[in-house]
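A.B. asks: Supplied in structure tokens, the structure appears directly below.
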Amino acid sequence: MKKLGFFFVFIFSLLAQQAHSQFSQSIIGEIVDKESKAALQGAIIVVLGTDPQVSTSSDFDGKFQLKEVKYGKYDIQVTYIGYETIIIPQVTVGAGKETNLHVELTESINELKEANVVAKQDKDKPINEMSTVSVRTFSVEETQRYSASFNDPARMSLSFAGISTSNDASNEIIVRGNSSRGLLWRIEGIEIPNPNHFSSGEGSTGGGISILSSQVLDNSDFMTGAFSADYGNALSGVFDIKFRKGNYKKRHYAFQFGVLGAQVMLEGPFSKKYDGSYLINYRYSTLQLFNLLGLPIVDNGQVPVFQDLSFNFNFPMKKAGVLSFWGIGGNNTAGEIAVKDSLSWSERRERFEDDRISWVAATGITHTYGFKNNKTYLKNIISFSYENNAYGLDSLDNNYVLQKAYYEKYEYYAIRSHSFVNHKFNAQNTIKAGVYYSHLFFDIFSEGLRFDMNKVATFFDDDGSGGLLQGYFNWKYKATNKVEMVTGLHVLYFLFNNSYSIEPRWAVKYKLHPKHSLSLGAGIHSRVEPISTYMSRVQTDSVTFTQPNINLDLSKSIHVVGGYDWSFYDNFRFKTEVYFQYLYNVPVDNDSGSIISALNLSSGYTDKTFINKGLGRNYGVEITLEKFLSKNYFFLFTASVFNSEYTMGDDVWRSTRFNGNYMFNWLGGYEIKFGKKKVHSLAINTRIIWRGGNRYNPIDLAASQAQGRQVEVEGEAFTEKLPDYFRWDASVLLKFNFNKWAFGISLDVQNVINRKNINSYVFDPYINDIRTNYMFGIMPVFNFKFEF
């Protein structure tokens with residue numbers, strides 16, 4: 001550690017003495033109409049606060065370049081005749097690469113005696129113009145700035161109102177008390193499989209580390225309820241990820257090295273005479289560094305290893321539109337090795353050995369064509385995805401010979417397409433209509449020891465395919481500059497078993513004042529269960545089985561959300577939402593007296609007979625107080641009070657597993673400029689999370705001891721609650737900007753005070769008592785980054 005400290009001192013001293021020269025960079029980008037996506041020629045772009053003033057105008061293709069902007073953070077003003085003027089706050093200009101902006105302007109509705117609107121760009125304003133309520137836009141900078149986010153948009157979202165996760169080892173997203181299985185992941189407008197390393201299991205939407213690299217992400221949307229009609233197959237939330245385009249002017253490179261591995265990023269134009277660009281990021285990681293720091297990820301076993309690749313190639317084709325080729329992919333391995341010494345065993349798991357290998361990939365081609373009327377554009381997307389997860393668990397017998405305890409493997413292939421047309425009739429009326437089709441291929445296998453039969457039995461062994469067809473229509477109507485309404489219809493048809501859902505959606509937003517607005521939204525939503533749920537086998541005897549879930553219907557939910565938004569002073573916002581969700585058609589166990597509902601499942605196979613008689617309800621209020629980054633500091637405070645309940649169809653309402661009842665988050669940061677020309681920076685950020693613990697079924701200790709396995713108290717579903725969860729995170733980022741390159745060092749520490757949050761209570765036959773499982777303690781993650 002002393003040698004490492006001397007190394008840091010040497011590096012800082014060397015960088016501080018580096019000669020300075022220009023310390024300026026370019027800002028490039030494009031200006032388009034928000035609804036029609038048509039390029040706007042002649043828009044005026046001004047960098048406020050510069051002397052002499054730096055400004056330019058957009059060309060025929062809507063593109064612009066602001067040259068020789070000194071390093072720092074600036075408000076960028078964009079004006080265009082007939083459109084609302086906006087100011088994009090605190091745009092970062094630094095060394096390493098040019099700042100690239102994509103700006104969408106809203107056409108103003110002319111009214112008698114109405115003045116031109118000039119306002120700060122709403123950072124909460126969604127990328128999708130059809131989204132109105134329960135939507136938050138997040139930037140790449142936020143994934144890097146929020147403490148303990150590890151550049152992961154899923155972990156970053158834990159700071160938003162109403163969002164939590166089940167444990168520190170996973171970034172699965174629990175929205176307003178819903179199971180994380182209800183989340184939809186999309187990239188570039190189309191559904192993708194779970195984009196995480198070390199997946200939480202079959203049907204999950206989370207994992208240990210995100211495959212999505214912040215190096216390739218653009219500003220994206222995150223939705224928590226009452227989604228617009230162009231989103232389907234989602235019950236709880238939507239992560240709508242956008243890839244940024246590579247720089248079409250200059251080539252840039254970045255290299256990072258840290259605890260989570262090494263990665264390299266390349267971007268630039270294909271040639272100086274063509275606006276096409278490439279963007280590639282590759283990462284390879286072994287978590288061996290945690291072991292070297294004295295923080296082993298596994299006590300005895302394989303050190304987790306993963307690698308991933310992300311890319312986006314952009315090909316403008318002049319009159320033929322724009323073609324892009326994008327993709328993500330990754331694989332990981334992990335496992336533990338059994339301890340072949342019974343005298344050293346302290347818990348039952350030490351006699352087990354497991355191994356996990358996972359692959360996931362999604363790639364697609366997107367074609368966007370703008371018609372000559374500059375009011376209509378057509379987008380076609382086709383993608384291919386692949387997901388492969390294998391997991392094996394073996395147990396040592398009394399002779400230290402491994403015996404099979406469990407094995408599973410599931411492979412999913414999917415070919416998906418999404419085509420839609422967007423037409424802007426005028427400043428008041430815009431429509432968007434489209435069709436999705438997904439053809440899903442599966443090959444699933446699972447077998448393991450059945451205690452009731454005292455033999456290894458097959459739970460799944462099936463392959464096949466099925467289709468999912470979705471269609472939607474959206475109409476956006478702006479009655480005035482103050483009133484905006486979006487009405488739509490989504491239809492989903494699951495060809496696998498002919499189940500379907502017809503889902504009307506509606507939302508309205510009313511601006512009481514330029515700084516005050518009210519919103520209201522409602523809609524019906526549905527979600528297809530994991531394929532393994534439909535194919536699950538229920539043994540009738542030791543040989544035969546049935547598959548009773550093949551015709552299981554879709555889970556459905558009615559969302560109603562009302563909100564108030566107040567923007568005050570510069571970059572301050574207060575926002576509150578009240579919501580109610582009524583879930584129906586929920587799959588529940590058909591056995592009399594059972595308390596198993598799909599609403600309490602995060603992942604995994606099932607061998608239960610499900611019927612669609614379950615119900616659920618989530619309701620609560622959320623508050624957000626936020627100051628966006630300006631004057632060198634920012635903060636975000638969120639509070640949520642809620643209730644999440646379910647019933648088996650017996651009119652008895654019980655708490656769901658995720659009914660923590662309350663959660664509070666506070667994060668903030670301050671940035672210090674230093675150096676002769678104030679171009680270097682030191683950012684100090686922190687975050688505090690406090691929420692109610694998840695629910696669990698109480699354990700009948702006497703019965704468990706008598707039977708040698710965990711037995712839960714009958715009829716008491718989630719009546720017990722884990723202790724409150726509390727965590728304090730902190731991070732420090734030191735960045736040096738030079739003429740043509742930049743260098744940064746960051747330290748991100750999760751759980752600074754090393755609090756032992758409880759993950760679960762389990763009965764351990766080895767000690768014949770209840771054991772407490774804890775989440776992660778303190779976890780430091782350091783990172784070095786070069787940009788040039």
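Ordering of the structure tokens sets the chain letters (A, B, ...), residue numbers begin anew at 1 in every chain, and ligands are numbered from 1 in the order given.
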What are the closest atom pairs, with distances in Å to one decimal, for each residue of segment 625-682 of chain A lying within 10 Å of segment 726-746 of chain A, using only C-alpha atoms, rows by chain and rising residue number, as CSV?
C.D. replies:
```
residue,atom,partner,partner_atom,distance
A:Met663,CA,A:Phe726,CA,9.9
A:Phe664,CA,A:Phe726,CA,9.7
A:Asn665,CA,A:Arg727,CA,9.8
A:Trp666,CA,A:Trp728,CA,9.6
A:Leu667,CA,A:Asp729,CA,9.0
A:Gly668,CA,A:Ala730,CA,9.7
A:Gly669,CA,A:Ser731,CA,9.1
A:Tyr670,CA,A:Val732,CA,9.9
A:Glu671,CA,A:Leu733,CA,9.1
A:Ile672,CA,A:Leu734,CA,9.5
A:Lys673,CA,A:Lys735,CA,9.7
A:Phe674,CA,A:Phe736,CA,9.5
A:Gly675,CA,A:Phe736,CA,9.2
A:Lys678,CA,A:Asn737,CA,9.6
A:Val679,CA,A:Asn737,CA,6.0
A:His680,CA,A:Phe736,CA,4.7
A:Ser681,CA,A:Lys735,CA,5.3
A:Leu682,CA,A:Leu734,CA,4.6
```
A.B. asks: Using only C-alpha atoms, which protein or nucleic acid residues come within 8 Å of segment 424-441 of chain A? Drop anything in the same chain fewer than 3 positions from it, and give the result as an MDAnalysis selection string.
C.D. replies: chainID A and resid 35:36 107:109 230 375:376 412:421 463:480
A.B. asks: Skipping near chain neighbours, those fewer than 3 positions away, what residues fall within 10 Å of Arg505 of chain A using only C-alpha atoms, listed as a list of chain:residue names?
C.D. replies: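 Here the qualifying residues turn out to be A:Ala226, A:Phe227, A:Ser228, A:Ala229, A:Asp230, A:Phe473, A:Asn474, A:Val486, A:Thr487, A:Gly488, A:Leu489, A:His490, A:Gly521, A:Ala522, A:Gly523, A:Ile524, A:His525, A:Ile558, A:His559.
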A.B. asks: Give me the residues near Lys125 of chain A as an mmCIF file with C-alpha atoms, in the first residue's frame, where near means some atom within 12 Å (using only C-alpha atoms) and where sequence neighbours in that chain fewer than 4 positions away do not count.
C.D. replies:
```cif
data_model
loop_
_atom_site.group_PDB
_atom_site.id
_atom_site.type_symbol
_atom_site.label_atom_id
_atom_site.label_comp_id
_atom_site.auth_asym_id
_atom_site.auth_seq_id
_atom_site.Cartn_x
_atom_site.Cartn_y
_atom_site.Cartn_z
ATOM 1 C CA LYS A 34 -38.633 16.651 -31.594
ATOM 2 C CA ILE A 88 -29.112 23.078 -22.165
ATOM 3 C CA GLU A 104 -34.536 18.265 -30.197
ATOM 4 C CA LEU A 105 -36.682 21.413 -30.412
ATOM 5 C CA THR A 106 -40.443 21.635 -29.836
ATOM 6 C CA LYS A 120 -34.155 25.807 -19.203
ATOM 7 C CA GLN A 121 -34.223 22.414 -20.876
ATOM 8 C CA GLU A 129 -41.867 12.478 -26.905
ATOM 9 C CA MET A 130 -44.889 10.240 -26.199
ATOM 10 C CA SER A 131 -43.939 9.673 -22.528
ATOM 11 C CA THR A 132 -45.606 12.031 -20.046
ATOM 12 C CA VAL A 133 -45.744 10.587 -16.514
ATOM 13 C CA SER A 134 -43.420 8.522 -14.284
ATOM 14 C CA VAL A 135 -40.445 8.942 -16.583
ATOM 15 C CA ARG A 136 -36.923 10.052 -15.785
ATOM 16 C CA THR A 137 -34.220 10.838 -18.340
ATOM 17 C CA PHE A 138 -30.732 9.979 -17.163
ATOM 18 C CA SER A 139 -27.404 10.987 -18.666
ATOM 19 C CA ASN A 219 -29.132 10.013 -22.676
ATOM 20 C CA SER A 220 -31.877 7.423 -22.093
ATOM 21 C CA ASP A 221 -35.290 7.032 -20.458
ATOM 22 C CA PHE A 222 -36.298 5.114 -17.337
ATOM 23 C CA MET A 223 -40.034 4.642 -16.692
ATOM 24 C CA ASP A 565 -43.712 19.313 -10.916
#
```
A.B. asks: Considering only C-alpha atoms, return as a list in words whatever protein or nucleic-acid residues lie within 10 Å of Asp748 of chain A, sequence-local ones (same chain, fewer than 6 positions apart) excluded.
C.D. replies: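 These residues fall inside the cut-off: Arg145, Tyr146, Ser147, Ala148, Ser149, Phe150, Asn685, Thr686, Asp729, Ala730, Ser731, Val732, Leu733, Met779, Pro780, Val781, Phe782 and Asn783 of chain A.
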A.B. asks: Hey, what's within 9 Å of segment 386-388 of chain A if we count only C-alpha atoms and toss same-chain stuff fewer than 3 positions away? As a list in words, please?
C.D. replies: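 Once the nearby chain positions are removed, what remains is Pro193, Asn194, Gly329, Ile357, Ser358, Trp359, Val360, Ala361, Ala362, Lys409, Tyr410, Glu411, Tyr412, Tyr413 and Ala414 of chain A.
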A.B. asks: Export C-alpha atoms of the chosen residues as a PDB file, in the first residue's frame?
C.D. replies:
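Output below, filename selection-v1.pdb:
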```
ATOM      1  CA  PRO A 193     -32.522 -10.162 -22.930  1.00  0.00           C
ATOM      2  CA  ASN A 194     -31.204  -9.420 -19.452  1.00  0.00           C
ATOM      3  CA  GLY A 329     -22.431  -9.189 -25.899  1.00  0.00           C
ATOM      4  CA  ILE A 357     -21.240 -20.128 -17.176  1.00  0.00           C
ATOM      5  CA  SER A 358     -23.341 -17.510 -18.974  1.00  0.00           C
ATOM      6  CA  TRP A 359     -23.485 -15.889 -22.393  1.00  0.00           C
ATOM      7  CA  VAL A 360     -25.707 -13.082 -23.604  1.00  0.00           C
ATOM      8  CA  ALA A 361     -25.727 -11.127 -26.867  1.00  0.00           C
ATOM      9  CA  ALA A 362     -28.000  -8.831 -28.834  1.00  0.00           C
ATOM     10  CA  LYS A 409     -29.213 -25.087 -18.657  1.00  0.00           C
ATOM     11  CA  TYR A 410     -31.382 -22.793 -20.685  1.00  0.00           C
ATOM     12  CA  GLU A 411     -30.795 -21.360 -24.143  1.00  0.00           C
ATOM     13  CA  TYR A 412     -32.959 -18.699 -25.720  1.00  0.00           C
ATOM     14  CA  TYR A 413     -32.715 -17.352 -29.258  1.00  0.00           C
ATOM     15  CA  ALA A 414     -34.921 -14.541 -30.499  1.00  0.00           C
TER      16      ALA A 414
END
```
A.B. asks: List the spatial neighbours of segment 237-242 of chain A as a PDB file with all heavy atoms, in the first residue's frame - criterion: any atom at most 7 Å away, only C-alpha atoms, same-chain residues fewer than 2 positions off excluded.
C.D. replies:
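New file part_32.pdb:
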```pdb
ATOM      1  N   VAL A 175     -39.479  -1.935  -8.679  1.00  0.00           N
ATOM      2  CA  VAL A 175     -40.166  -0.662  -8.904  1.00  0.00           C
ATOM      3  C   VAL A 175     -41.489  -0.649  -8.157  1.00  0.00           C
ATOM      4  O   VAL A 175     -42.359  -1.472  -8.407  1.00  0.00           O
ATOM      5  CB  VAL A 175     -40.416  -0.430 -10.410  1.00  0.00           C
ATOM      6  CG1 VAL A 175     -41.095   0.921 -10.633  1.00  0.00           C
ATOM      7  CG2 VAL A 175     -39.113  -0.499 -11.188  1.00  0.00           C
ATOM      8  N   GLY A 182     -40.889  -7.916 -13.736  1.00  0.00           N
ATOM      9  CA  GLY A 182     -41.791  -7.106 -14.556  1.00  0.00           C
ATOM     10  C   GLY A 182     -41.111  -6.007 -15.336  1.00  0.00           C
ATOM     11  O   GLY A 182     -41.778  -5.226 -16.011  1.00  0.00           O
ATOM     12  N   LEU A 183     -39.769  -5.932 -15.283  1.00  0.00           N
ATOM     13  CA  LEU A 183     -39.023  -4.871 -15.957  1.00  0.00           C
ATOM     14  C   LEU A 183     -38.731  -5.244 -17.404  1.00  0.00           C
ATOM     15  O   LEU A 183     -38.402  -6.397 -17.713  1.00  0.00           O
ATOM     16  CB  LEU A 183     -37.712  -4.608 -15.217  1.00  0.00           C
ATOM     17  CG  LEU A 183     -36.833  -3.486 -15.773  1.00  0.00           C
ATOM     18  CD1 LEU A 183     -37.408  -2.130 -15.393  1.00  0.00           C
ATOM     19  CD2 LEU A 183     -35.403  -3.620 -15.258  1.00  0.00           C
ATOM     20  N   LEU A 184     -38.826  -4.263 -18.297  1.00  0.00           N
ATOM     21  CA  LEU A 184     -38.496  -4.442 -19.708  1.00  0.00           C
ATOM     22  C   LEU A 184     -37.203  -3.687 -20.026  1.00  0.00           C
ATOM     23  O   LEU A 184     -37.084  -2.499 -19.736  1.00  0.00           O
ATOM     24  CB  LEU A 184     -39.631  -3.914 -20.593  1.00  0.00           C
ATOM     25  CG  LEU A 184     -39.334  -3.799 -22.094  1.00  0.00           C
ATOM     26  CD1 LEU A 184     -39.196  -5.185 -22.726  1.00  0.00           C
ATOM     27  CD2 LEU A 184     -40.430  -3.002 -22.813  1.00  0.00           C
ATOM     28  N   TRP A 185     -36.239  -4.386 -20.635  1.00  0.00           N
ATOM     29  CA  TRP A 185     -35.010  -3.763 -21.138  1.00  0.00           C
ATOM     30  C   TRP A 185     -35.135  -3.587 -22.650  1.00  0.00           C
ATOM     31  O   TRP A 185     -35.496  -4.530 -23.365  1.00  0.00           O
ATOM     32  CB  TRP A 185     -33.799  -4.636 -20.847  1.00  0.00           C
ATOM     33  CG  TRP A 185     -33.301  -4.624 -19.439  1.00  0.00           C
ATOM     34  CD1 TRP A 185     -33.561  -5.542 -18.456  1.00  0.00           C
ATOM     35  CD2 TRP A 185     -32.433  -3.648 -18.844  1.00  0.00           C
ATOM     36  NE1 TRP A 185     -32.919  -5.200 -17.294  1.00  0.00           N
ATOM     37  CE2 TRP A 185     -32.210  -4.045 -17.497  1.00  0.00           C
ATOM     38  CE3 TRP A 185     -31.819  -2.481 -19.304  1.00  0.00           C
ATOM     39  CZ2 TRP A 185     -31.403  -3.319 -16.622  1.00  0.00           C
ATOM     40  CZ3 TRP A 185     -31.016  -1.763 -18.441  1.00  0.00           C
ATOM     41  CH2 TRP A 185     -30.812  -2.178 -17.121  1.00  0.00           C
ATOM     42  N   ARG A 186     -34.833  -2.361 -23.127  1.00  0.00           N
ATOM     43  CA  ARG A 186     -34.820  -2.115 -24.573  1.00  0.00           C
ATOM     44  C   ARG A 186     -33.526  -1.397 -24.944  1.00  0.00           C
ATOM     45  O   ARG A 186     -33.004  -0.584 -24.179  1.00  0.00           O
ATOM     46  CB  ARG A 186     -35.997  -1.240 -25.008  1.00  0.00           C
ATOM     47  CG  ARG A 186     -37.352  -1.813 -24.753  1.00  0.00           C
ATOM     48  CD  ARG A 186     -38.428  -1.291 -25.685  1.00  0.00           C
ATOM     49  NE  ARG A 186     -38.278   0.079 -26.129  1.00  0.00           N
ATOM     50  CZ  ARG A 186     -39.138   0.682 -26.972  1.00  0.00           C
ATOM     51  NH1 ARG A 186     -40.179   0.029 -27.434  1.00  0.00           N
ATOM     52  NH2 ARG A 186     -38.960   1.927 -27.347  1.00  0.00           N
ATOM     53  N   ILE A 187     -33.028  -1.687 -26.135  1.00  0.00           N
ATOM     54  CA  ILE A 187     -31.924  -0.937 -26.739  1.00  0.00           C
ATOM     55  C   ILE A 187     -32.338  -0.531 -28.136  1.00  0.00           C
ATOM     56  O   ILE A 187     -32.832  -1.352 -28.917  1.00  0.00           O
ATOM     57  CB  ILE A 187     -30.623  -1.766 -26.796  1.00  0.00           C
ATOM     58  CG1 ILE A 187     -30.004  -1.888 -25.401  1.00  0.00           C
ATOM     59  CG2 ILE A 187     -29.613  -1.115 -27.732  1.00  0.00           C
ATOM     60  CD1 ILE A 187     -28.673  -2.602 -25.387  1.00  0.00           C
ATOM     61  N   GLU A 188     -32.177   0.744 -28.425  1.00  0.00           N
ATOM     62  CA  GLU A 188     -32.473   1.278 -29.755  1.00  0.00           C
ATOM     63  C   GLU A 188     -33.882   0.900 -30.221  1.00  0.00           C
ATOM     64  O   GLU A 188     -34.112   0.605 -31.392  1.00  0.00           O
ATOM     65  CB  GLU A 188     -31.431   0.797 -30.768  1.00  0.00           C
ATOM     66  CG  GLU A 188     -30.050   1.389 -30.541  1.00  0.00           C
ATOM     67  CD  GLU A 188     -30.033   2.914 -30.697  1.00  0.00           C
ATOM     68  OE1 GLU A 188     -30.411   3.401 -31.768  1.00  0.00           O
ATOM     69  OE2 GLU A 188     -29.648   3.608 -29.727  1.00  0.00           O
ATOM     70  N   LEU A 217     -23.181   4.749 -24.130  1.00  0.00           N
ATOM     71  CA  LEU A 217     -24.566   5.145 -23.888  1.00  0.00           C
ATOM     72  C   LEU A 217     -24.791   6.619 -24.186  1.00  0.00           C
ATOM     73  O   LEU A 217     -23.921   7.463 -23.979  1.00  0.00           O
ATOM     74  CB  LEU A 217     -24.968   4.866 -22.439  1.00  0.00           C
ATOM     75  CG  LEU A 217     -24.924   3.415 -21.969  1.00  0.00           C
ATOM     76  CD1 LEU A 217     -25.478   3.322 -20.556  1.00  0.00           C
ATOM     77  CD2 LEU A 217     -25.703   2.527 -22.910  1.00  0.00           C
ATOM     78  N   ASP A 218     -25.993   6.930 -24.626  1.00  0.00           N
ATOM     79  CA  ASP A 218     -26.469   8.304 -24.774  1.00  0.00           C
ATOM     80  C   ASP A 218     -27.532   8.538 -23.705  1.00  0.00           C
ATOM     81  O   ASP A 218     -27.885   7.619 -22.955  1.00  0.00           O
ATOM     82  CB  ASP A 218     -27.049   8.519 -26.173  1.00  0.00           C
ATOM     83  CG  ASP A 218     -27.071   9.989 -26.578  1.00  0.00           C
ATOM     84  OD1 ASP A 218     -26.812  10.853 -25.713  1.00  0.00           O
ATOM     85  OD2 ASP A 218     -27.342  10.270 -27.759  1.00  0.00           O
ATOM     86  N   ASN A 219     -28.036   9.763 -23.601  1.00  0.00           N
ATOM     87  CA  ASN A 219     -29.132  10.013 -22.676  1.00  0.00           C
ATOM     88  C   ASN A 219     -30.285   9.058 -22.978  1.00  0.00           C
ATOM     89  O   ASN A 219     -30.649   8.853 -24.133  1.00  0.00           O
ATOM     90  CB  ASN A 219     -29.618  11.457 -22.788  1.00  0.00           C
ATOM     91  CG  ASN A 219     -28.587  12.449 -22.269  1.00  0.00           C
ATOM     92  OD1 ASN A 219     -27.565  12.054 -21.714  1.00  0.00           O
ATOM     93  ND2 ASN A 219     -28.850  13.724 -22.441  1.00  0.00           N
ATOM     94  N   SER A 220     -30.868   8.467 -21.930  1.00  0.00           N
ATOM     95  CA  SER A 220     -31.877   7.423 -22.093  1.00  0.00           C
ATOM     96  C   SER A 220     -33.015   7.639 -21.109  1.00  0.00           C
ATOM     97  O   SER A 220     -32.911   8.471 -20.201  1.00  0.00           O
ATOM     98  CB  SER A 220     -31.245   6.044 -21.879  1.00  0.00           C
ATOM     99  OG  SER A 220     -30.167   5.828 -22.760  1.00  0.00           O
ATOM    100  N   ASP A 221     -34.096   6.892 -21.295  1.00  0.00           N
ATOM    101  CA  ASP A 221     -35.290   7.032 -20.458  1.00  0.00           C
ATOM    102  C   ASP A 221     -35.448   5.841 -19.519  1.00  0.00           C
ATOM    103  O   ASP A 221     -35.161   4.695 -19.879  1.00  0.00           O
ATOM    104  CB  ASP A 221     -36.557   7.128 -21.317  1.00  0.00           C
ATOM    105  CG  ASP A 221     -36.685   8.466 -22.027  1.00  0.00           C
ATOM    106  OD1 ASP A 221     -36.037   9.436 -21.580  1.00  0.00           O
ATOM    107  OD2 ASP A 221     -37.426   8.546 -23.023  1.00  0.00           O
ATOM    108  N   PHE A 222     -35.948   6.148 -18.303  1.00  0.00           N
ATOM    109  CA  PHE A 222     -36.298   5.114 -17.337  1.00  0.00           C
ATOM    110  C   PHE A 222     -37.708   5.405 -16.843  1.00  0.00           C
ATOM    111  O   PHE A 222     -37.989   6.500 -16.347  1.00  0.00           O
ATOM    112  CB  PHE A 222     -35.307   5.122 -16.169  1.00  0.00           C
ATOM    113  CG  PHE A 222     -35.655   4.156 -15.069  1.00  0.00           C
ATOM    114  CD1 PHE A 222     -35.906   2.828 -15.345  1.00  0.00           C
ATOM    115  CD2 PHE A 222     -35.737   4.588 -13.756  1.00  0.00           C
ATOM    116  CE1 PHE A 222     -36.220   1.935 -14.338  1.00  0.00           C
ATOM    117  CE2 PHE A 222     -36.045   3.710 -12.742  1.00  0.00           C
ATOM    118  CZ  PHE A 222     -36.295   2.379 -13.029  1.00  0.00           C
ATOM    119  N   MET A 223     -38.624   4.443 -17.008  1.00  0.00           N
ATOM    120  CA  MET A 223     -40.034   4.642 -16.692  1.00  0.00           C
ATOM    121  C   MET A 223     -40.490   3.719 -15.570  1.00  0.00           C
ATOM    122  O   MET A 223     -40.074   2.561 -15.512  1.00  0.00           O
ATOM    123  CB  MET A 223     -40.885   4.404 -17.942  1.00  0.00           C
ATOM    124  CG  MET A 223     -40.893   5.562 -18.913  1.00  0.00           C
ATOM    125  SD  MET A 223     -41.085   5.044 -20.634  1.00  0.00           S
ATOM    126  CE  MET A 223     -39.400   4.670 -21.060  1.00  0.00           C
ATOM    127  N   THR A 224     -41.348   4.247 -14.691  1.00  0.00           N
ATOM    128  CA  THR A 224     -41.784   3.483 -13.516  1.00  0.00           C
ATOM    129  C   THR A 224     -43.295   3.268 -13.454  1.00  0.00           C
ATOM    130  O   THR A 224     -43.784   2.755 -12.462  1.00  0.00           O
ATOM    131  CB  THR A 224     -41.325   4.202 -12.231  1.00  0.00           C
ATOM    132  OG1 THR A 224     -41.834   5.542 -12.217  1.00  0.00           O
ATOM    133  CG2 THR A 224     -39.808   4.247 -12.145  1.00  0.00           C
ATOM    134  N   GLY A 225     -44.027   3.630 -14.493  1.00  0.00           N
ATOM    135  CA  GLY A 225     -45.459   3.373 -14.477  1.00  0.00           C
ATOM    136  C   GLY A 225     -46.208   4.110 -15.558  1.00  0.00           C
ATOM    137  O   GLY A 225     -45.731   5.120 -16.083  1.00  0.00           O
ATOM    138  N   ALA A 234     -44.411  -5.230 -20.353  1.00  0.00           N
ATOM    139  CA  ALA A 234     -43.775  -4.693 -19.144  1.00  0.00           C
ATOM    140  C   ALA A 234     -44.850  -4.423 -18.105  1.00  0.00           C
ATOM    141  O   ALA A 234     -45.885  -3.819 -18.413  1.00  0.00           O
ATOM    142  CB  ALA A 234     -43.015  -3.406 -19.463  1.00  0.00           C
ATOM    143  N   LEU A 235     -44.590  -4.852 -16.862  1.00  0.00           N
ATOM    144  CA  LEU A 235     -45.544  -4.624 -15.770  1.00  0.00           C
ATOM    145  C   LEU A 235     -45.079  -3.565 -14.791  1.00  0.00           C
ATOM    146  O   LEU A 235     -45.885  -2.830 -14.233  1.00  0.00           O
ATOM    147  CB  LEU A 235     -45.784  -5.928 -14.996  1.00  0.00           C
ATOM    148  CG  LEU A 235     -46.807  -6.913 -15.522  1.00  0.00           C
ATOM    149  CD1 LEU A 235     -46.907  -8.103 -14.579  1.00  0.00           C
ATOM    150  CD2 LEU A 235     -48.168  -6.264 -15.702  1.00  0.00           C
ATOM    151  N   ARG A 244     -25.096   6.210 -28.197  1.00  0.00           N
ATOM    152  CA  ARG A 244     -24.660   7.442 -28.847  1.00  0.00           C
ATOM    153  C   ARG A 244     -23.934   7.101 -30.138  1.00  0.00           C
ATOM    154  O   ARG A 244     -23.443   5.972 -30.335  1.00  0.00           O
ATOM    155  CB  ARG A 244     -23.767   8.262 -27.935  1.00  0.00           C
ATOM    156  CG  ARG A 244     -22.397   7.683 -27.645  1.00  0.00           C
ATOM    157  CD  ARG A 244     -21.608   8.607 -26.748  1.00  0.00           C
ATOM    158  NE  ARG A 244     -20.287   8.072 -26.442  1.00  0.00           N
ATOM    159  CZ  ARG A 244     -19.207   8.277 -27.193  1.00  0.00           C
ATOM    160  NH1 ARG A 244     -19.308   9.009 -28.309  1.00  0.00           N
ATOM    161  NH2 ARG A 244     -18.043   7.779 -26.846  1.00  0.00           N
TER     162      ARG A 244
END
```
A.B. asks: With only C-alpha atoms as the atoms that count, which of A:Val652, A:Asn759, A:Tyr696, A:Phe788 lies nearest to Gly94 of chain A?
C.D. replies: A:Phe788
